$ cat start30.cif   # mmCIF, C-alpha atoms, pLDDT in the B column; chains and numbers go by the auth columns
data_start
#
loop_
_atom_site.group_PDB
_atom_site.id
_atom_site.type_symbol
_atom_site.label_atom_id
_atom_site.label_comp_id
_atom_site.label_asym_id
_atom_site.label_seq_id
_atom_site.Cartn_x
_atom_site.Cartn_y
_atom_site.Cartn_z
_atom_site.B_iso_or_equiv
_atom_site.auth_seq_id
_atom_site.auth_asym_id
ATOM 1 C CA MET A 1 -115.185 -23.530 95.076 47.00 1 A
ATOM 2 C CA ILE A 2 -112.042 -22.683 97.024 46.00 2 A
ATOM 3 C CA SER A 3 -112.285 -19.700 99.301 50.00 3 A
ATOM 4 C CA GLU A 4 -109.659 -16.983 99.225 46.00 4 A
ATOM 5 C CA GLU A 5 -108.719 -17.809 102.824 49.00 5 A
ATOM 6 C CA ALA A 6 -107.683 -21.300 101.764 49.00 6 A
ATOM 7 C CA LEU A 7 -105.279 -20.037 99.116 43.00 7 A
ATOM 8 C CA PRO A 8 -101.587 -19.870 100.149 47.00 8 A
ATOM 9 C CA THR A 9 -100.197 -16.417 100.752 48.00 9 A
ATOM 10 C CA VAL A 10 -97.045 -15.492 98.826 42.00 10 A
ATOM 11 C CA ASN A 11 -95.088 -12.403 99.818 47.00 11 A
ATOM 12 C CA VAL A 12 -93.140 -10.972 96.905 41.00 12 A
ATOM 13 C CA ASP A 13 -90.428 -8.447 97.587 47.00 13 A
ATOM 14 C CA VAL A 14 -90.351 -6.353 94.416 41.00 14 A
ATOM 15 C CA GLY A 15 -87.102 -4.649 95.353 48.00 15 A
ATOM 16 C CA GLU A 16 -85.391 -7.951 96.046 49.00 16 A
ATOM 17 C CA SER A 17 -86.638 -9.444 92.782 42.00 17 A
ATOM 18 C CA ARG A 18 -85.307 -6.472 90.831 46.00 18 A
ATOM 19 C CA LYS A 19 -82.007 -6.755 92.666 48.00 19 A
ATOM 20 C CA ASN A 20 -81.749 -10.430 91.768 49.00 20 A
ATOM 21 C CA ALA A 21 -82.656 -9.631 88.167 46.00 21 A
ATOM 22 C CA GLY A 22 -79.978 -6.958 88.067 48.00 22 A
ATOM 23 C CA SER A 23 -77.346 -9.303 89.492 53.00 23 A
ATOM 24 C CA GLY A 24 -78.387 -11.894 86.921 53.00 24 A
ATOM 25 C CA LYS A 25 -77.755 -9.392 84.144 55.00 25 A
ATOM 26 C CA GLU A 26 -74.352 -8.583 85.616 56.00 26 A
ATOM 27 C CA ASP A 27 -73.455 -12.280 85.730 57.00 27 A
ATOM 28 C CA LEU A 28 -74.594 -12.668 82.129 56.00 28 A
ATOM 29 C CA ALA A 29 -72.482 -9.698 81.050 55.00 29 A
ATOM 30 C CA ARG A 30 -69.449 -11.103 82.842 57.00 30 A
ATOM 31 C CA GLN A 31 -69.982 -14.483 81.171 58.00 31 A
ATOM 32 C CA GLU A 32 -70.157 -12.827 77.756 57.00 32 A
ATOM 33 C CA ALA A 33 -66.971 -10.876 78.505 56.00 33 A
ATOM 34 C CA SER A 34 -65.181 -14.057 79.596 56.00 34 A
ATOM 35 C CA LYS A 35 -65.893 -15.597 76.186 61.00 35 A
ATOM 36 C CA ILE A 36 -63.717 -13.004 74.455 63.00 36 A
ATOM 37 C CA PRO A 37 -60.229 -14.461 73.835 66.00 37 A
ATOM 38 C CA GLU A 38 -57.433 -12.751 75.710 66.00 38 A
ATOM 39 C CA SER A 39 -55.634 -12.196 72.413 65.00 39 A
ATOM 40 C CA ASP A 40 -58.538 -10.036 71.260 67.00 40 A
ATOM 41 C CA LYS A 41 -58.398 -7.772 74.301 74.00 41 A
ATOM 42 C CA TRP A 42 -56.338 -4.639 74.738 77.00 42 A
ATOM 43 C CA THR A 43 -53.371 -4.817 77.073 80.00 43 A
ATOM 44 C CA PHE A 44 -52.515 -2.339 79.800 81.00 44 A
ATOM 45 C CA TRP A 45 -50.043 -0.446 77.623 83.00 45 A
ATOM 46 C CA GLN A 46 -52.459 -0.343 74.711 82.00 46 A
ATOM 47 C CA ALA A 47 -55.069 1.185 77.004 82.00 47 A
ATOM 48 C CA CYS A 48 -52.478 3.742 78.158 82.00 48 A
ATOM 49 C CA ALA A 49 -51.706 4.528 74.534 83.00 49 A
ATOM 50 C CA LEU A 50 -55.398 5.028 73.773 83.00 50 A
ATOM 51 C CA ASN A 51 -55.857 7.433 76.676 82.00 51 A
ATOM 52 C CA THR A 52 -52.661 9.315 75.882 82.00 52 A
ATOM 53 C CA LEU A 53 -53.629 9.791 72.242 80.00 53 A
ATOM 54 C CA ASN A 54 -56.914 11.366 73.250 78.00 54 A
ATOM 55 C CA MET A 55 -55.375 13.525 75.964 79.00 55 A
ATOM 56 C CA PHE A 56 -52.327 14.797 74.078 74.00 56 A
ATOM 57 C CA GLY A 57 -53.952 15.203 70.694 67.00 57 A
ATOM 58 C CA THR A 58 -54.258 18.453 68.850 66.00 58 A
ATOM 59 C CA GLY A 59 -55.878 20.247 71.787 70.00 59 A
ATOM 60 C CA PRO A 60 -52.811 21.466 73.724 73.00 60 A
ATOM 61 C CA PHE A 61 -51.037 22.545 70.540 69.00 61 A
ATOM 62 C CA ILE A 62 -53.962 24.653 69.374 73.00 62 A
ATOM 63 C CA THR A 63 -55.516 25.997 72.561 79.00 63 A
ATOM 64 C CA CYS A 64 -52.391 27.373 74.274 78.00 64 A
ATOM 65 C CA ALA A 65 -52.768 30.737 72.544 78.00 65 A
ATOM 66 C CA ILE A 66 -56.483 30.803 73.342 81.00 66 A
ATOM 67 C CA LEU A 67 -55.715 30.031 76.971 83.00 67 A
ATOM 68 C CA LEU A 68 -53.279 32.923 77.369 80.00 68 A
ATOM 69 C CA GLN A 69 -55.607 35.344 75.593 80.00 69 A
ATOM 70 C CA THR A 70 -58.562 34.495 77.809 83.00 70 A
ATOM 71 C CA VAL A 71 -57.284 36.714 80.619 85.00 71 A
ATOM 72 C CA THR A 72 -57.001 40.484 80.406 82.00 72 A
ATOM 73 C CA PRO A 73 -54.220 41.508 80.506 82.00 73 A
ATOM 74 C CA ALA A 74 -52.883 38.400 78.774 80.00 74 A
ATOM 75 C CA GLY A 75 -50.183 36.584 80.633 81.00 75 A
ATOM 76 C CA PRO A 76 -48.961 33.361 82.210 84.00 76 A
ATOM 77 C CA GLN A 77 -51.425 33.712 85.110 86.00 77 A
ATOM 78 C CA ALA A 78 -53.811 31.813 82.844 86.00 78 A
ATOM 79 C CA LEU A 79 -51.876 28.670 83.740 87.00 79 A
ATOM 80 C CA TYR A 80 -53.461 28.713 87.200 89.00 80 A
ATOM 81 C CA GLY A 81 -56.780 27.716 85.653 88.00 81 A
ATOM 82 C CA TYR A 82 -55.050 25.106 83.518 87.00 82 A
ATOM 83 C CA PHE A 83 -53.378 23.648 86.600 91.00 83 A
ATOM 84 C CA ALA A 84 -56.705 23.557 88.473 92.00 84 A
ATOM 85 C CA SER A 85 -58.344 21.644 85.632 90.00 85 A
ATOM 86 C CA GLY A 86 -55.481 19.142 85.732 89.00 86 A
ATOM 87 C CA VAL A 87 -56.044 18.556 89.459 92.00 87 A
ATOM 88 C CA LEU A 88 -59.778 18.123 88.851 92.00 88 A
ATOM 89 C CA VAL A 89 -59.404 15.509 86.116 90.00 89 A
ATOM 90 C CA PHE A 90 -56.719 13.747 88.186 91.00 90 A
ATOM 91 C CA PHE A 91 -59.209 13.021 90.953 92.00 91 A
ATOM 92 C CA ASP A 92 -61.973 12.311 88.452 90.00 92 A
ATOM 93 C CA SER A 93 -59.805 9.590 86.941 89.00 93 A
ATOM 94 C CA PHE A 94 -60.052 7.685 90.243 91.00 94 A
ATOM 95 C CA VAL A 95 -63.850 7.831 89.958 90.00 95 A
ATOM 96 C CA TRP A 96 -63.681 6.381 86.454 88.00 96 A
ATOM 97 C CA GLY A 97 -61.267 3.700 87.623 86.00 97 A
ATOM 98 C CA GLU A 98 -63.602 2.706 90.456 89.00 98 A
ATOM 99 C CA LEU A 99 -66.653 2.559 88.188 88.00 99 A
ATOM 100 C CA SER A 100 -64.848 0.527 85.525 86.00 100 A
ATOM 101 C CA SER A 101 -63.603 -1.964 88.122 86.00 101 A
ATOM 102 C CA ILE A 102 -67.134 -2.459 89.497 87.00 102 A
ATOM 103 C CA TRP A 103 -68.791 -2.718 86.069 85.00 103 A
ATOM 104 C CA PRO A 104 -66.099 -3.769 83.554 82.00 104 A
ATOM 105 C CA TYR A 105 -68.449 -3.567 80.588 80.00 105 A
ATOM 106 C CA THR A 106 -68.154 -1.997 77.191 81.00 106 A
ATOM 107 C CA GLY A 107 -70.174 1.208 77.026 83.00 107 A
ATOM 108 C CA GLY A 108 -68.579 3.443 79.632 84.00 108 A
ATOM 109 C CA SER A 109 -71.015 6.075 80.867 86.00 109 A
ATOM 110 C CA TYR A 110 -73.984 4.251 79.339 88.00 110 A
ATOM 111 C CA ALA A 111 -73.287 1.145 81.423 87.00 111 A
ATOM 112 C CA TYR A 112 -72.484 3.097 84.590 88.00 112 A
ATOM 113 C CA LEU A 113 -75.667 5.195 84.450 88.00 113 A
ATOM 114 C CA SER A 114 -77.763 2.107 83.819 88.00 114 A
ATOM 115 C CA GLU A 115 -76.277 0.260 86.767 88.00 115 A
ATOM 116 C CA MET A 116 -76.158 3.127 89.260 87.00 116 A
ATOM 117 C CA TYR A 117 -79.732 4.309 88.775 88.00 117 A
ATOM 118 C CA GLY A 118 -81.272 0.939 87.911 86.00 118 A
ATOM 119 C CA ARG A 119 -81.822 -0.596 84.496 83.00 119 A
ATOM 120 C CA ASP A 120 -85.572 -0.847 85.096 83.00 120 A
ATOM 121 C CA THR A 121 -85.994 2.618 86.617 85.00 121 A
ATOM 122 C CA TRP A 122 -84.201 5.931 86.135 90.00 122 A
ATOM 123 C CA GLY A 123 -81.067 4.259 84.793 88.00 123 A
ATOM 124 C CA SER A 124 -82.647 3.590 81.420 88.00 124 A
ATOM 125 C CA LEU A 125 -83.677 7.236 81.087 89.00 125 A
ATOM 126 C CA ALA A 126 -80.252 8.526 82.169 90.00 126 A
ATOM 127 C CA ALA A 127 -78.471 6.181 79.759 89.00 127 A
ATOM 128 C CA PHE A 128 -80.829 7.174 76.934 90.00 128 A
ATOM 129 C CA MET A 129 -80.236 10.882 77.573 90.00 129 A
ATOM 130 C CA TYR A 130 -76.478 10.271 77.567 88.00 130 A
ATOM 131 C CA LEU A 131 -76.642 8.580 74.163 88.00 131 A
ATOM 132 C CA TRP A 132 -78.947 11.285 72.853 89.00 132 A
ATOM 133 C CA GLN A 133 -76.538 14.105 73.695 88.00 133 A
ATOM 134 C CA LEU A 134 -73.639 11.978 72.445 86.00 134 A
ATOM 135 C CA LEU A 135 -75.217 11.975 68.989 88.00 135 A
ATOM 136 C CA ILE A 136 -74.666 15.743 69.006 87.00 136 A
ATOM 137 C CA SER A 137 -71.509 16.229 71.060 83.00 137 A
ATOM 138 C CA GLY A 138 -69.652 13.187 69.686 82.00 138 A
ATOM 139 C CA PRO A 139 -69.444 14.264 66.026 84.00 139 A
ATOM 140 C CA LEU A 140 -68.627 17.831 67.086 83.00 140 A
ATOM 141 C CA GLU A 141 -65.779 16.636 69.291 78.00 141 A
ATOM 142 C CA VAL A 142 -64.366 14.366 66.582 81.00 142 A
ATOM 143 C CA ALA A 143 -64.729 17.010 63.876 83.00 143 A
ATOM 144 C CA GLY A 144 -63.047 19.560 66.137 79.00 144 A
ATOM 145 C CA GLY A 145 -60.040 17.282 66.445 79.00 145 A
ATOM 146 C CA PHE A 146 -59.702 16.846 62.687 84.00 146 A
ATOM 147 C CA VAL A 147 -60.087 20.567 62.043 83.00 147 A
ATOM 148 C CA ALA A 148 -57.450 21.331 64.665 80.00 148 A
ATOM 149 C CA ALA A 149 -55.087 18.733 63.166 81.00 149 A
ATOM 150 C CA ALA A 150 -55.509 20.223 59.713 84.00 150 A
ATOM 151 C CA SER A 151 -54.896 23.716 61.103 81.00 151 A
ATOM 152 C CA TYR A 152 -51.702 22.533 62.765 79.00 152 A
ATOM 153 C CA LEU A 153 -50.498 20.908 59.531 83.00 153 A
ATOM 154 C CA ARG A 154 -50.492 24.341 57.930 85.00 154 A
ATOM 155 C CA TYR A 155 -47.416 25.227 60.007 81.00 155 A
ATOM 156 C CA PHE A 156 -45.478 22.468 58.226 83.00 156 A
ATOM 157 C CA ALA A 157 -47.170 22.462 54.821 85.00 157 A
ATOM 158 C CA PRO A 158 -48.719 25.790 53.789 86.00 158 A
ATOM 159 C CA MET A 159 -52.135 25.230 52.278 86.00 159 A
ATOM 160 C CA SER A 160 -55.284 27.142 51.510 88.00 160 A
ATOM 161 C CA ASP A 161 -58.461 26.966 53.545 87.00 161 A
ATOM 162 C CA LEU A 162 -59.896 24.538 51.008 89.00 162 A
ATOM 163 C CA GLY A 163 -56.779 22.372 51.267 88.00 163 A
ATOM 164 C CA ALA A 164 -57.082 22.314 55.064 87.00 164 A
ATOM 165 C CA GLN A 165 -60.702 21.235 54.742 88.00 165 A
ATOM 166 C CA PHE A 166 -59.718 18.380 52.424 91.00 166 A
ATOM 167 C CA ALA A 167 -56.954 17.382 54.853 90.00 167 A
ATOM 168 C CA ALA A 168 -59.427 17.261 57.750 89.00 168 A
ATOM 169 C CA CYS A 169 -61.831 15.218 55.614 90.00 169 A
ATOM 170 C CA GLY A 170 -59.045 12.816 54.640 90.00 170 A
ATOM 171 C CA LEU A 171 -58.041 12.307 58.271 86.00 171 A
ATOM 172 C CA SER A 172 -61.631 11.535 59.204 87.00 172 A
ATOM 173 C CA ILE A 173 -61.921 8.951 56.408 89.00 173 A
ATOM 174 C CA PHE A 174 -58.625 7.361 57.445 86.00 174 A
ATOM 175 C CA CYS A 175 -59.780 7.009 61.060 82.00 175 A
ATOM 176 C CA PHE A 176 -63.188 5.750 59.937 83.00 176 A
ATOM 177 C CA LEU A 177 -61.586 2.969 57.900 84.00 177 A
ATOM 178 C CA GLY A 178 -59.232 2.198 60.768 78.00 178 A
ATOM 179 C CA MET A 179 -62.217 1.413 62.982 77.00 179 A
ATOM 180 C CA TYR A 180 -63.055 -1.550 60.755 80.00 180 A
ATOM 181 C CA THR A 181 -59.725 -3.282 61.351 78.00 181 A
ATOM 182 C CA GLY A 182 -59.312 -6.044 63.907 75.00 182 A
ATOM 183 C CA VAL A 183 -58.294 -5.568 67.520 73.00 183 A
ATOM 184 C CA ARG A 184 -54.664 -6.464 66.872 77.00 184 A
ATOM 185 C CA GLU A 185 -54.407 -4.147 63.886 80.00 185 A
ATOM 186 C CA SER A 186 -55.991 -1.260 65.761 80.00 186 A
ATOM 187 C CA ALA A 187 -53.614 -1.916 68.661 79.00 187 A
ATOM 188 C CA ARG A 188 -50.608 -1.674 66.341 81.00 188 A
ATOM 189 C CA MET A 189 -51.993 1.527 64.860 83.00 189 A
ATOM 190 C CA THR A 190 -52.496 2.907 68.367 83.00 190 A
ATOM 191 C CA TYR A 191 -48.887 2.145 69.283 82.00 191 A
ATOM 192 C CA PHE A 192 -47.639 3.821 66.106 85.00 192 A
ATOM 193 C CA LEU A 193 -49.685 6.963 66.687 83.00 193 A
ATOM 194 C CA TRP A 194 -48.644 6.923 70.346 85.00 194 A
ATOM 195 C CA VAL A 195 -44.979 7.029 69.353 86.00 195 A
ATOM 196 C CA LEU A 196 -45.648 9.942 66.995 85.00 196 A
ATOM 197 C CA THR A 197 -47.499 11.786 69.764 82.00 197 A
ATOM 198 C CA MET A 198 -44.685 11.284 72.252 85.00 198 A
ATOM 199 C CA LEU A 199 -42.163 12.492 69.685 87.00 199 A
ATOM 200 C CA ALA A 200 -44.257 15.598 69.084 81.00 200 A
ATOM 201 C CA VAL A 201 -44.469 16.282 72.822 82.00 201 A
ATOM 202 C CA LEU A 202 -40.730 15.708 73.193 89.00 202 A
ATOM 203 C CA TYR A 203 -40.078 18.098 70.307 87.00 203 A
ATOM 204 C CA VAL A 204 -42.164 20.787 71.993 82.00 204 A
ATOM 205 C CA TYR A 205 -40.275 20.279 75.265 86.00 205 A
ATOM 206 C CA VAL A 206 -36.858 20.496 73.610 91.00 206 A
ATOM 207 C CA ALA A 207 -37.799 23.490 71.460 88.00 207 A
ATOM 208 C CA GLY A 208 -39.411 25.262 74.398 85.00 208 A
ATOM 209 C CA PHE A 209 -36.648 24.794 76.955 87.00 209 A
ATOM 210 C CA SER A 210 -33.874 25.488 74.444 89.00 210 A
ATOM 211 C CA ASN A 211 -35.435 28.914 73.832 87.00 211 A
ATOM 212 C CA LEU A 212 -36.551 29.508 77.385 84.00 212 A
ATOM 213 C CA ASP A 213 -37.007 33.114 78.432 84.00 213 A
ATOM 214 C CA ALA A 214 -37.802 33.377 82.125 82.00 214 A
ATOM 215 C CA SER A 215 -39.298 36.835 81.655 82.00 215 A
ATOM 216 C CA ASN A 216 -42.267 35.222 79.888 79.00 216 A
ATOM 217 C CA PHE A 217 -43.341 33.766 83.230 81.00 217 A
ATOM 218 C CA LYS A 218 -43.670 37.202 84.785 84.00 218 A
ATOM 219 C CA SER A 219 -47.301 38.213 85.078 81.00 219 A
ATOM 220 C CA PRO A 220 -48.259 41.802 84.247 82.00 220 A
ATOM 221 C CA SER A 221 -49.192 44.193 87.023 82.00 221 A
ATOM 222 C CA GLY A 222 -52.731 43.843 88.273 78.00 222 A
ATOM 223 C CA TRP A 223 -53.035 40.270 87.078 80.00 223 A
ATOM 224 C CA GLN A 224 -54.953 39.247 90.213 79.00 224 A
ATOM 225 C CA LYS A 225 -58.009 41.164 89.004 80.00 225 A
ATOM 226 C CA SER A 226 -58.001 39.221 85.742 78.00 226 A
ATOM 227 C CA LEU A 227 -58.730 35.917 87.489 83.00 227 A
ATOM 228 C CA ASP A 228 -62.362 36.356 88.503 86.00 228 A
ATOM 229 C CA TRP A 229 -64.620 33.322 88.820 87.00 229 A
ATOM 230 C CA LYS A 230 -65.998 33.632 85.294 88.00 230 A
ATOM 231 C CA THR A 231 -62.553 33.874 83.713 87.00 231 A
ATOM 232 C CA PHE A 232 -61.225 31.077 85.916 89.00 232 A
ATOM 233 C CA GLY A 233 -64.073 28.849 84.741 88.00 233 A
ATOM 234 C CA MET A 234 -63.283 29.645 81.116 88.00 234 A
ATOM 235 C CA LEU A 235 -59.649 28.721 81.712 89.00 235 A
ATOM 236 C CA MET A 236 -60.645 25.428 83.304 89.00 236 A
ATOM 237 C CA ARG A 237 -62.959 24.725 80.390 87.00 237 A
ATOM 238 C CA VAL A 238 -60.013 24.936 78.001 86.00 238 A
ATOM 239 C CA GLY A 239 -57.911 22.748 80.286 86.00 239 A
ATOM 240 C CA ILE A 240 -60.582 20.064 80.663 86.00 240 A
ATOM 241 C CA PHE A 241 -61.069 20.059 76.886 82.00 241 A
ATOM 242 C CA ASP A 242 -57.353 19.371 76.464 82.00 242 A
ATOM 243 C CA PHE A 243 -57.285 16.647 79.133 84.00 243 A
ATOM 244 C CA THR A 244 -60.438 14.934 77.877 80.00 244 A
ATOM 245 C CA GLY A 245 -59.703 11.341 76.952 79.00 245 A
ATOM 246 C CA TYR A 246 -58.234 10.035 80.194 82.00 246 A
ATOM 247 C CA TYR A 247 -61.278 7.753 80.585 83.00 247 A
ATOM 248 C CA ASP A 248 -61.532 6.389 77.023 82.00 248 A
ATOM 249 C CA ALA A 249 -60.186 2.965 77.961 81.00 249 A
ATOM 250 C CA CYS A 250 -63.220 2.536 80.243 81.00 250 A
ATOM 251 C CA HIS A 251 -65.497 2.514 77.196 80.00 251 A
ATOM 252 C CA ILE A 252 -64.028 -0.836 76.098 77.00 252 A
ATOM 253 C CA GLY A 253 -64.175 -2.533 79.486 65.00 253 A
ATOM 254 C CA ASP A 254 -64.898 -5.998 78.100 63.00 254 A
#

$ encode --input "start30.cif" --output "structure tokens"
Amino acid sequence: MISEEALPTVNVDVGESRKNAGSGKEDLARQEASKIPESDKWTFWQACALNTLNMFGTGPFITCAILLQTVTPAGPQALYGYFASGVLVFFDSFVWGELSSIWPYTGGSYAYLSEMYGRDTWGSLAAFMYLWQLLISGPLEVAGGFVAAASYLRYFAPMSDLGAQFAACGLSIFCFLGMYTGVRESARMTYFLWVLTMLAVLYVYVAGFSNLDASNFKSPSGWQKSLDWKTFGMLMRVGIFDFTGYYDACHIGD
């Protein structure tokens, strides 16, 4: 019989072992990412096109009227909240850029939450909760974009409510089928839609400035009282909804 005193003592640092395991997973993920051919990866301009398409989609064209009507009395003072939301997402984009440079993995928020809070601890729960709410918010966000696009089409092609619903359904099917194309094909489609988006934005600029009326920028009397904290938050909510998409390229980090 060997006494317990004769057995060698081994000190195991649990924290260090988990850290080494985590670094091993990071190395494995980087090795998997390095196996992807460069031709199958999105370029810088394709990533810019992806972000731009999600930022300047149907949101700004549809929500401008809602933005101005949020304040009472209605007026251009609502743009203060819109400007504040733009400043907020501008600084938030640096946070996303830092996270994506540290963990350049596909998954976006799922990967960041897992790494920041620990894959074997709270990170798994945080990542799971993110995916769980995404199952609800994701389809609503996508459906909202298609409904808004169909509503905007009615300015160019008058149609009934049923026709607008079919148009939204057709757009969703088109995008769904587009997801099954290869990386190069989806990149070409992104460039094409990017050009259409920029043309639409340019058209709005030209039409707006050619019919500019400076009196529209004059706020009504007593407008300061209309910008309380609750109203200002509602204005920023609309602005952030319109700017959402500036981080989409981070979801395809590999």

$ resolve_selection --input "start30.cif" --expression "the PyMOL selection byres ((chain A and resi 196-209) around 12)" --output "list in words"
Ala49, Leu50, Asn51, Thr52, Leu53, Asn54, Met55, Phe56, Gly57, Thr58, Pro60, Phe61, Tyr152, Met189, Thr190, Tyr191, Phe192, Leu193, Trp194, Val195, Ser210, Asn211, Leu212, Asp213, Ala214 and Asn216 of chain A

$ closest_residue --input "start30.cif" --among "A:Gly145, A:Gly107, A:Pro220, A:Gly123" --to "Ala74 in chain A" --atoms "all atoms listed in the file"
A:Pro220

$ residues_around --input "start30.cif" --residues "range 108-110 of chain A" --least-positions-apart "2" --cutoff "8 Å" --atoms "only C-alpha atoms" --output "count of residues only"
14

$ atom_distance --input "start30.cif" --atom1 "CA of Ile240 in chain A" --atom2 "CA of Gly178 in chain A"
26.8 Å

$ atom_distance --input "start30.cif" --atom1 "CA of Arg237 in chain A" --atom2 "CA of Phe94 in chain A"
19.9 Å

$ closest_residue --input "start30.cif" --among "A:Leu235, A:Ile173, A:Ala168, A:Ile102" --to "Ala148 in chain A" --atoms "only C-alpha atoms"
A:Ala168

$ closest_residue --input "start30.cif" --among "A:Pro76, A:Gly163, A:Gly59, A:Gly81" --to "Met234 in chain A" --atoms "only C-alpha atoms"
A:Gly81

$ atom_distance --input "start30.cif" --atom1 "CA of Thr121 in chain A" --atom2 "CA of Phe91 in chain A"
29.1 Å

$ closest_residue --input "start30.cif" --among "A:Val183, A:Leu99, A:Val71, A:Ala149" --to "Asp228 in chain A" --atoms "only C-alpha atoms"
A:Val71

$ axis_aligned_box --input "start30.cif" --around "range 74-86 of chain A" --padding-each-side "4 Å" --output "JSON"
{"center_x": -53.7, "center_y": 28.8, "center_z": 83.6, "size_x": 17.4, "size_y": 27.3, "size_z": 17.7}

$ closest_residue --input "start30.cif" --among "A:Gly170, A:Gly245, A:Gly118, A:Gly239" --to "Phe83 in chain A" --atoms "all atoms listed in the file"
A:Gly239

$ resolve_selection --input "start30.cif" --expression "the PyMOL selection byres ((chain A and resi 72) around 9)" --output "list in words"
Leu68, Gln69, Thr70, Val71, Pro73, Ala74, Gly75, Trp223, Lys225, Ser226 and Leu227 of chain A

$ write_last_selection --input "start30.cif" --atoms "C-alpha atoms" --output "PDB file, in the coordinates of the input"
ATOM      1  CA  LEU A  68     -53.279  32.923  77.369  1.00 80.00           C
ATOM      2  CA  GLN A  69     -55.607  35.344  75.593  1.00 80.00           C
ATOM      3  CA  THR A  70     -58.562  34.495  77.809  1.00 83.00           C
ATOM      4  CA  VAL A  71     -57.284  36.714  80.619  1.00 85.00           C
ATOM      5  CA  PRO A  73     -54.220  41.508  80.506  1.00 82.00           C
ATOM      6  CA  ALA A  74     -52.883  38.400  78.774  1.00 80.00           C
ATOM      7  CA  GLY A  75     -50.183  36.584  80.633  1.00 81.00           C
ATOM      8  CA  TRP A 223     -53.035  40.270  87.078  1.00 80.00           C
ATOM      9  CA  LYS A 225     -58.009  41.164  89.004  1.00 80.00           C
ATOM     10  CA  SER A 226     -58.001  39.221  85.742  1.00 78.00           C
ATOM     11  CA  LEU A 227     -58.730  35.917  87.489  1.00 83.00           C
TER      12      LEU A 227
END
